[in-house]
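S.K.: Just one file: query03.pdb, with PDB, C-alpha atoms and all ligand atoms.
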```
ATOM      1  CA  MET Y  30     -23.777 -15.428  10.624
ATOM      2  CA  PRO Y  31     -22.148 -18.555  12.045
ATOM      3  CA  ILE Y  32     -18.541 -18.888  13.074
ATOM      4  CA  LEU Y  33     -17.652 -22.451  14.034
ATOM      5  CA  PHE Y  34     -19.969 -24.710  15.954
ATOM      6  CA  TYR Y  35     -18.788 -26.214  19.223
ATOM      7  CA  LEU Y  36     -20.105 -29.703  19.775
ATOM      8  CA  LYS Y  37     -19.068 -32.269  22.373
ATOM      9  CA  GLY Y  38     -15.848 -30.404  23.152
ATOM     10  CA  GLN Y  39     -14.727 -29.918  19.560
ATOM     11  CA  PHE Y  40     -15.173 -27.321  16.854
ATOM     12  CA  VAL Y  41     -17.193 -28.704  13.959
ATOM     13  CA  LEU Y  42     -17.935 -27.594  10.438
ATOM     14  CA  LYS Y  43     -21.153 -28.105   8.464
ATOM     15  CA  VAL Y  44     -19.974 -30.274   5.576
ATOM     16  CA  VAL Y  45     -22.143 -31.046   2.534
ATOM     17  CA  GLU Y  46     -19.611 -33.325   0.868
ATOM     18  CA  ILE Y  47     -15.959 -34.297   0.639
ATOM     19  CA  PHE Y  48     -14.574 -35.769  -2.572
ATOM     20  CA  TYR Y  49     -11.393 -36.185  -4.605
ATOM     21  CA  SER Y  50     -11.266 -34.972  -8.196
ATOM     22  CA  ILE Y  51      -9.526 -32.617 -10.630
ATOM     23  CA  GLN Y  52      -9.658 -28.870 -10.144
ATOM     24  CA  GLY Y  53     -11.394 -27.635 -13.296
ATOM     25  CA  GLU Y  54     -11.174 -23.864 -12.781
ATOM     26  CA  GLY Y  55      -8.686 -21.044 -12.530
ATOM     27  CA  ILE Y  56      -4.936 -21.166 -12.114
ATOM     28  CA  PHE Y  57      -4.872 -24.698 -10.692
ATOM     29  CA  SER Y  58      -6.950 -26.245 -13.494
ATOM     30  CA  GLY Y  59      -5.886 -29.837 -13.922
ATOM     31  CA  VAL Y  60      -4.463 -30.257 -10.415
ATOM     32  CA  PRO Y  61      -5.799 -33.312  -8.544
ATOM     33  CA  SER Y  62      -7.496 -31.861  -5.481
ATOM     34  CA  ILE Y  63      -9.579 -32.706  -2.462
ATOM     35  CA  PHE Y  64     -12.829 -30.761  -2.273
ATOM     36  CA  VAL Y  65     -14.551 -29.928   1.000
ATOM     37  CA  ARG Y  66     -17.910 -28.305   0.400
ATOM     38  CA  LEU Y  67     -19.383 -26.341   3.308
ATOM     39  CA  HIS Y  68     -23.017 -25.613   3.893
ATOM     40  CA  GLY Y  69     -24.748 -22.259   3.362
ATOM     41  CA  CYS Y  70     -24.321 -19.047   1.422
ATOM     42  CA  ASN Y  71     -25.016 -15.364   2.033
ATOM     43  CA  LEU Y  72     -26.317 -14.936  -1.529
ATOM     44  CA  ALA Y  73     -29.015 -16.535  -3.683
ATOM     45  CA  CYS Y  74     -27.773 -16.277  -7.264
ATOM     46  CA  SER Y  75     -30.330 -17.193  -9.912
ATOM     47  CA  PHE Y  76     -27.921 -19.595 -11.627
ATOM     48  CA  CYS Y  77     -26.859 -21.408  -8.451
ATOM     49  CA  ASP Y  78     -27.213 -25.140  -8.098
ATOM     50  CA  ASP Y  79     -28.760 -24.869  -4.634
ATOM     51  CA  ALA Y  80     -28.286 -28.554  -3.964
ATOM     52  CA  LEU Y  81     -24.597 -27.766  -3.590
ATOM     53  CA  HIS Y  82     -25.091 -25.817  -0.397
ATOM     54  CA  VAL Y  83     -28.671 -25.710   0.942
ATOM     55  CA  GLY Y  84     -29.355 -29.433   1.265
ATOM     56  CA  ASP Y  85     -28.299 -31.888   3.897
ATOM     57  CA  TYR Y  86     -25.035 -31.575   5.739
ATOM     58  CA  LYS Y  87     -23.105 -33.444   8.388
ATOM     59  CA  SER Y  88     -21.148 -31.952  11.251
ATOM     60  CA  TYR Y  89     -17.467 -32.911  11.156
ATOM     61  CA  SER Y  90     -14.687 -32.102  13.605
ATOM     62  CA  PHE Y  91     -11.298 -31.156  12.151
ATOM     63  CA  TYR Y  92      -9.927 -34.631  12.887
ATOM     64  CA  GLU Y  93     -12.963 -36.310  11.327
ATOM     65  CA  ILE Y  94     -12.290 -34.368   8.121
ATOM     66  CA  LEU Y  95      -8.617 -35.329   8.286
ATOM     67  CA  ASP Y  96      -9.651 -38.941   8.672
ATOM     68  CA  VAL Y  97     -11.673 -38.747   5.418
ATOM     69  CA  ILE Y  98      -8.980 -36.993   3.368
ATOM     70  CA  LYS Y  99      -5.760 -38.493   4.696
ATOM     71  CA  ASP Y 100      -5.595 -41.358   2.197
ATOM     72  CA  PHE Y 101      -6.105 -39.205  -0.910
ATOM     73  CA  PRO Y 102      -2.732 -38.840  -2.686
ATOM     74  CA  SER Y 103      -2.974 -35.062  -3.270
ATOM     75  CA  LYS Y 104      -2.109 -32.442  -0.663
ATOM     76  CA  GLN Y 105      -4.071 -29.751  -2.500
ATOM     77  CA  ILE Y 106      -7.358 -29.024  -0.761
ATOM     78  CA  ILE Y 107     -10.121 -26.722  -1.934
ATOM     79  CA  ILE Y 108     -12.668 -25.453   0.561
ATOM     80  CA  THR Y 109     -15.741 -24.379  -1.310
ATOM     81  CA  GLY Y 110     -19.497 -23.982  -0.843
ATOM     82  CA  GLY Y 111     -21.824 -22.328  -0.710
ATOM     83  CA  GLU Y 112     -19.752 -19.579   0.760
ATOM     84  CA  PRO Y 113     -16.958 -20.846   3.017
ATOM     85  CA  THR Y 114     -16.185 -17.409   4.493
ATOM     86  CA  LEU Y 115     -19.470 -17.586   6.405
ATOM     87  CA  TYR Y 116     -17.284 -19.454   8.901
ATOM     88  CA  ASP Y 117     -14.061 -18.358  10.586
ATOM     89  CA  LEU Y 118     -11.848 -21.022   9.038
ATOM     90  CA  ASN Y 119      -8.438 -19.726  10.073
ATOM     91  CA  GLU Y 120      -7.841 -22.359  12.768
ATOM     92  CA  PHE Y 121      -9.015 -25.119  10.442
ATOM     93  CA  ILE Y 122      -6.711 -23.851   7.687
ATOM     94  CA  LYS Y 123      -3.733 -23.854  10.078
ATOM     95  CA  PHE Y 124      -4.709 -27.342  11.214
ATOM     96  CA  LEU Y 125      -4.620 -28.589   7.600
ATOM     97  CA  GLN Y 126      -1.367 -26.781   6.833
ATOM     98  CA  ASN Y 127       0.248 -28.476   9.827
ATOM     99  CA  PHE Y 128      -0.471 -31.771   8.080
ATOM    100  CA  GLY Y 129       1.153 -30.529   4.862
ATOM    101  CA  TYR Y 130      -1.911 -29.384   2.938
ATOM    102  CA  PHE Y 131      -1.944 -26.461   0.513
ATOM    103  CA  VAL Y 132      -5.261 -24.831   1.319
ATOM    104  CA  CYS Y 133      -7.283 -23.047  -1.364
ATOM    105  CA  ILE Y 134     -10.568 -21.220  -0.797
ATOM    106  CA  GLU Y 135     -13.301 -20.419  -3.311
ATOM    107  CA  SER Y 136     -15.242 -17.360  -2.203
ATOM    108  CA  ASN Y 137     -17.699 -14.743  -3.370
ATOM    109  CA  GLY Y 138     -15.796 -12.284  -1.156
ATOM    110  CA  TYR Y 139     -18.196 -12.232   1.775
ATOM    111  CA  LYS Y 140     -15.533 -12.092   4.540
ATOM    112  CA  PHE Y 141     -11.941 -12.630   3.449
ATOM    113  CA  GLU Y 142     -10.636 -12.132   7.006
ATOM    114  CA  ASN Y 143     -12.253 -15.468   7.887
ATOM    115  CA  VAL Y 144      -9.818 -17.239   5.542
ATOM    116  CA  LYS Y 145      -6.768 -15.000   5.727
ATOM    117  CA  ASN Y 146      -4.485 -17.947   6.613
ATOM    118  CA  ALA Y 147      -5.240 -19.684   3.300
ATOM    119  CA  ASP Y 148      -2.478 -20.373   0.784
ATOM    120  CA  TRP Y 149      -4.684 -19.323  -2.129
ATOM    121  CA  ILE Y 150      -8.023 -17.509  -2.389
ATOM    122  CA  THR Y 151     -10.095 -17.546  -5.555
ATOM    123  CA  TYR Y 152     -12.487 -14.610  -5.593
ATOM    124  CA  SER Y 153     -15.595 -14.871  -7.748
ATOM    125  CA  PRO Y 154     -17.469 -11.592  -7.232
ATOM    126  CA  LYS Y 155     -21.176 -11.659  -7.904
ATOM    127  CA  ASP Y 156     -21.753  -7.914  -7.400
ATOM    128  CA  TRP Y 157     -19.666  -6.350 -10.150
ATOM    129  CA  ASP Y 158     -20.442  -2.833  -8.861
ATOM    130  CA  ASN Y 159     -18.629  -3.532  -5.581
ATOM    131  CA  ILE Y 160     -15.544  -5.583  -6.392
ATOM    132  CA  LYS Y 161     -13.031  -5.941  -3.544
ATOM    133  CA  LYS Y 162      -9.499  -4.949  -4.515
ATOM    134  CA  GLU Y 163      -7.634  -6.865  -1.776
ATOM    135  CA  GLY Y 164      -7.772 -10.123   0.144
ATOM    136  CA  TRP Y 165      -7.608 -12.603  -2.729
ATOM    137  CA  SER Y 166      -5.062 -14.356  -4.962
ATOM    138  CA  GLU Y 167      -6.918 -14.709  -8.263
ATOM    139  CA  ILE Y 168     -10.171 -13.307  -9.546
ATOM    140  CA  LYS Y 169     -12.726 -15.185 -11.623
ATOM    141  CA  PHE Y 170     -15.767 -13.614 -13.252
ATOM    142  CA  ILE Y 171     -18.672 -15.820 -14.278
ATOM    143  CA  VAL Y 172     -19.769 -14.469 -17.643
ATOM    144  CA  SER Y 173     -22.720 -15.095 -19.939
ATOM    145  CA  LYS Y 174     -23.451 -13.589 -23.310
ATOM    146  CA  GLU Y 175     -25.868 -11.209 -21.537
ATOM    147  CA  SER Y 176     -23.277  -9.976 -19.025
ATOM    148  CA  GLN Y 177     -22.457  -6.273 -18.811
ATOM    149  CA  VAL Y 178     -18.767  -6.848 -19.376
ATOM    150  CA  GLU Y 179     -17.929  -3.136 -19.518
ATOM    151  CA  LYS Y 180     -18.040  -3.346 -15.710
ATOM    152  CA  ILE Y 181     -15.035  -5.674 -15.652
ATOM    153  CA  VAL Y 182     -12.890  -4.897 -18.683
ATOM    154  CA  ASN Y 183     -11.342  -1.878 -16.926
ATOM    155  CA  PHE Y 184     -10.734  -3.649 -13.622
ATOM    156  CA  GLU Y 185      -7.024  -3.267 -12.913
ATOM    157  CA  THR Y 186      -4.992  -5.973 -11.218
ATOM    158  CA  ASN Y 187      -1.644  -7.672 -11.680
ATOM    159  CA  LYS Y 188      -3.050 -10.890 -10.220
ATOM    160  CA  PRO Y 189      -4.470 -13.708 -12.368
ATOM    161  CA  PHE Y 190      -7.737 -12.591 -13.971
ATOM    162  CA  PHE Y 191     -10.117 -15.217 -15.351
ATOM    163  CA  VAL Y 192     -13.425 -15.163 -17.130
ATOM    164  CA  GLN Y 193     -15.442 -18.347 -16.968
ATOM    165  CA  PRO Y 194     -18.563 -19.078 -19.000
ATOM    166  CA  LEU Y 195     -21.746 -19.440 -17.010
ATOM    167  CA  ASN Y 196     -22.575 -23.122 -17.211
ATOM    168  CA  LEU Y 197     -25.777 -24.506 -15.823
ATOM    169  CA  PHE Y 198     -25.315 -27.349 -13.373
ATOM    170  CA  ASP Y 199     -23.250 -30.142 -14.886
ATOM    171  CA  LYS Y 200     -23.097 -29.138 -18.574
ATOM    172  CA  PRO Y 201     -21.017 -26.620 -20.557
ATOM    173  CA  ASP Y 202     -22.894 -23.751 -22.235
ATOM    174  CA  PHE Y 203     -21.214 -23.389 -25.616
ATOM    175  CA  GLU Y 204     -22.774 -20.010 -26.456
ATOM    176  CA  ASN Y 205     -21.403 -18.520 -23.255
ATOM    177  CA  LEU Y 206     -18.097 -20.250 -23.958
ATOM    178  CA  ASP Y 207     -17.869 -18.665 -27.422
ATOM    179  CA  PHE Y 208     -18.674 -15.282 -25.897
ATOM    180  CA  CYS Y 209     -15.867 -15.696 -23.346
ATOM    181  CA  ILE Y 210     -13.387 -16.837 -26.000
ATOM    182  CA  GLU Y 211     -14.028 -13.666 -27.996
ATOM    183  CA  LEU Y 212     -13.763 -11.613 -24.800
ATOM    184  CA  VAL Y 213     -10.293 -12.887 -23.858
ATOM    185  CA  LYS Y 214      -9.132 -12.496 -27.455
ATOM    186  CA  LYS Y 215     -10.189  -8.846 -27.298
ATOM    187  CA  TYR Y 216      -8.777  -8.248 -23.784
ATOM    188  CA  PRO Y 217      -5.705 -10.470 -23.560
ATOM    189  CA  PHE Y 218      -4.971  -9.617 -19.915
ATOM    190  CA  MET Y 219      -7.895 -11.967 -19.217
ATOM    191  CA  LYS Y 220      -7.527 -15.742 -19.221
ATOM    192  CA  LEU Y 221     -10.194 -18.311 -19.959
ATOM    193  CA  SER Y 222     -11.337 -20.728 -17.249
ATOM    194  CA  ILE Y 223     -13.680 -23.374 -18.598
ATOM    195  CA  GLN Y 224     -14.755 -25.646 -15.735
ATOM    196  CA  MET Y 225     -12.751 -28.440 -17.308
ATOM    197  CA  HIS Y 226     -14.491 -31.077 -15.161
ATOM    198  CA  LYS Y 227     -17.802 -30.407 -16.966
ATOM    199  CA  PHE Y 228     -16.147 -31.203 -20.299
ATOM    200  CA  LEU Y 229     -14.475 -34.294 -18.899
ATOM    201  CA  GLY Y 230     -17.704 -35.491 -17.317
ATOM    202  CA  VAL Y 231     -16.130 -35.796 -13.883
ATOM    203  CA  ARG Y 232     -17.200 -34.105 -10.663
TER     204      ARG Y 232
HETATM  205  S1  LIG I 301     -22.398 -17.165  -4.377
HETATM  206 FE1  LIG I 301     -22.113 -19.183  -5.316
HETATM  207  S2  LIG I 301     -22.941 -20.643  -3.813
HETATM  208 FE2  LIG I 301     -23.704 -18.606  -3.247
HETATM  209  S3  LIG I 301     -25.734 -18.476  -4.227
HETATM  210 FE3  LIG I 301     -24.219 -17.542  -5.630
HETATM  211  S4  LIG I 301     -23.581 -19.231  -7.004
HETATM  212 FE4  LIG I 301     -24.619 -20.155  -5.219
END
```
Please rewrite the model in this file as structure tokens.
M.R.:
Amino acid sequence: MPILFYLKGQFVLKVVEIFYSIQGEGIFSGVPSIFVRLHGCNLACSFCDDALHVGDYKSYSFYEILDVIKDFPSKQIIITGGEPTLYDLNEFIKFLQNFGYFVCIESNGYKFENVKNADWITYSPKDWDNIKKEGWSEIKFIVSKESQVEKIVNFETNKPFFVQPLNLFDKPDFENLDFCIELVKKYPFMKLSIQMHKFLGVR
């Protein structure tokens, strides 16, 4: 699996897109944030929107990324994918922090040591039989009405615990949402994360 690529004397990252929007998930829902989406994933989930990480990408040096993001008013940055922990991002995270950024990572838990310098790590495990207990800041389970939720209702943590309805691509799935609402009502240690951006019709 790749670490960072070294090109013309600089480390570069494979970037699918960079954009400014509202975080719609988890503890920072509603926070204006810069999104950096990296290329590639170690998994191939059936519900994945592949276009988000298997399509075209551009190689960016750290300073080229800074040049794109520096005029956005928010200092909250979310590195997502794909699976960002395919890459050793610790130097990049420190680089961003030196410019005042609060760096969040969204990960399926592939290799947390590759992002250990991050300020916040959102863990969204896809293999519910092998959930990692450490290395993350909040946990978020993607749940549909067919999910075997008995695998997660006894998971013990004092960190923020979210369930989020499985939504396909850019639209909310209201049946999965209803299922998740009933789930958090039954197990109130869980919180609901709804992908707010899909309801607002923003990216
Ligand atoms: S872990 Fe996420 S990015 Fe990777 S295949 Fe699954 S849904 Fe897609």
S.K.: Identify, on the basis of all atoms listed in the file, every residue whose closest approach to Asn119 in chain Y does not exceed 10 Å; exclude the query and any residue fewer than 6 positions from it along the same chain; express the result as a ChimeraX atom specification.
M.R.: /Y:125,142-147
S.K.: Once you count all atoms listed in the file, which residues end up within 10 Å of ligand LIG 301 (chain I), and could you hand them over as a PDB file with C-alpha atoms, in the frame of the given file?
M.R.:
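Contents of the output file result.pdb:
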```pdb
ATOM      1  CA  LEU Y  67     -19.383 -26.341   3.308  1.00  0.00           C
ATOM      2  CA  HIS Y  68     -23.017 -25.613   3.893  1.00  0.00           C
ATOM      3  CA  GLY Y  69     -24.748 -22.259   3.362  1.00  0.00           C
ATOM      4  CA  CYS Y  70     -24.321 -19.047   1.422  1.00  0.00           C
ATOM      5  CA  ASN Y  71     -25.016 -15.364   2.033  1.00  0.00           C
ATOM      6  CA  LEU Y  72     -26.317 -14.936  -1.529  1.00  0.00           C
ATOM      7  CA  ALA Y  73     -29.015 -16.535  -3.683  1.00  0.00           C
ATOM      8  CA  CYS Y  74     -27.773 -16.277  -7.264  1.00  0.00           C
ATOM      9  CA  SER Y  75     -30.330 -17.193  -9.912  1.00  0.00           C
ATOM     10  CA  PHE Y  76     -27.921 -19.595 -11.627  1.00  0.00           C
ATOM     11  CA  CYS Y  77     -26.859 -21.408  -8.451  1.00  0.00           C
ATOM     12  CA  ASP Y  78     -27.213 -25.140  -8.098  1.00  0.00           C
ATOM     13  CA  ASP Y  79     -28.760 -24.869  -4.634  1.00  0.00           C
ATOM     14  CA  ALA Y  80     -28.286 -28.554  -3.964  1.00  0.00           C
ATOM     15  CA  LEU Y  81     -24.597 -27.766  -3.590  1.00  0.00           C
ATOM     16  CA  HIS Y  82     -25.091 -25.817  -0.397  1.00  0.00           C
ATOM     17  CA  VAL Y  83     -28.671 -25.710   0.942  1.00  0.00           C
ATOM     18  CA  THR Y 109     -15.741 -24.379  -1.310  1.00  0.00           C
ATOM     19  CA  GLY Y 110     -19.497 -23.982  -0.843  1.00  0.00           C
ATOM     20  CA  GLY Y 111     -21.824 -22.328  -0.710  1.00  0.00           C
ATOM     21  CA  GLU Y 112     -19.752 -19.579   0.760  1.00  0.00           C
ATOM     22  CA  PRO Y 113     -16.958 -20.846   3.017  1.00  0.00           C
ATOM     23  CA  GLU Y 135     -13.301 -20.419  -3.311  1.00  0.00           C
ATOM     24  CA  SER Y 136     -15.242 -17.360  -2.203  1.00  0.00           C
ATOM     25  CA  ASN Y 137     -17.699 -14.743  -3.370  1.00  0.00           C
ATOM     26  CA  GLY Y 138     -15.796 -12.284  -1.156  1.00  0.00           C
ATOM     27  CA  TYR Y 139     -18.196 -12.232   1.775  1.00  0.00           C
ATOM     28  CA  SER Y 153     -15.595 -14.871  -7.748  1.00  0.00           C
ATOM     29  CA  PRO Y 154     -17.469 -11.592  -7.232  1.00  0.00           C
ATOM     30  CA  LYS Y 155     -21.176 -11.659  -7.904  1.00  0.00           C
ATOM     31  CA  ASP Y 156     -21.753  -7.914  -7.400  1.00  0.00           C
ATOM     32  CA  ILE Y 171     -18.672 -15.820 -14.278  1.00  0.00           C
TER      33      ILE Y 171
END
```
S.K.: Decode the PyMOL selection byres (((chain Y and resi 89-105) around 8) and not hetatm) for the given file into explicit residues and return them as a PyMOL selection string.
M.R.: chain Y and resi 39-44+47+49+60-63+87-88+106-107+121+124-125+129-133
S.K.: Can you work out which one of Y:Arg232, Y:Lys215, Y:Arg66, Y:Lys220 has the shortest atom-to-atom distance to Phe170 in chain Y, counting all atoms listed in the file?
M.R.: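 That would be Y:Lys220, the residue with the smallest distance to Phe170 in chain Y.
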S.K.: The PyMOL selection byres (((chain Y and resi 213) around 12) and not hetatm) - which residues does that actually catch in the file I just gave you? List them as a list in words.
M.R.: Phe170, Val172, Val178, Ile181, Val182, Phe190, Phe191, Val192, Gln193, Pro194, Leu206, Asp207, Phe208, Cys209, Ile210, Glu211, Leu212, Lys214, Lys215, Tyr216, Pro217, Phe218, Met219, Lys220, Leu221 and Ser222 of chain Y
S.K.: Could you tell me how far CA of Ile134 in chain Y lies from CA of Ile150 in chain Y, in Å and to one decimal?
M.R.: 4.8 Å
S.K.: Do you have the CA of His226 in chain Y-CA of Gln177 in chain Y distance handy?
M.R.: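 Going from CA of His226 in chain Y over to CA of Gln177 in chain Y covers 26.3 Å.
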S.K.: In Å, how far is it from CA of Phe57 in chain Y to CA of Tyr152 in chain Y?
M.R.: 13.6 Å
S.K.: Compare Y:Phe203, Y:Thr151, Y:Phe64, Y:Ile223 by their minimum atom-to-atom distance to Phe48 in chain Y, counting all atoms listed in the file, and give me the closest one.
M.R.: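 Between Y:Phe203, Y:Thr151, Y:Phe64, Y:Ile223, the residue approaching Phe48 in chain Y most closely is Y:Phe64.
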S.K.: Given the file shown, enumerate the residues that the PyMOL selection byres (((chain Y and resi 173) around 6) and not hetatm) captures and present them as an NGL selection string.
M.R.: :Y and (172 or 174-176 or 194-195 or 205)
S.K.: Let me have the centre and edge lengths of the axis-aligned box enclosing all listed atoms of range 148-158 of chain Y with 3 Å padding on every side, in Å to one decimal, as lines of an AutoDock Vina configuration file.
M.R.:
```
center_x = -12.1
center_y = -11.6
center_z = -4.7
size_x = 25.3
size_y = 23.5
size_z = 16.9
```
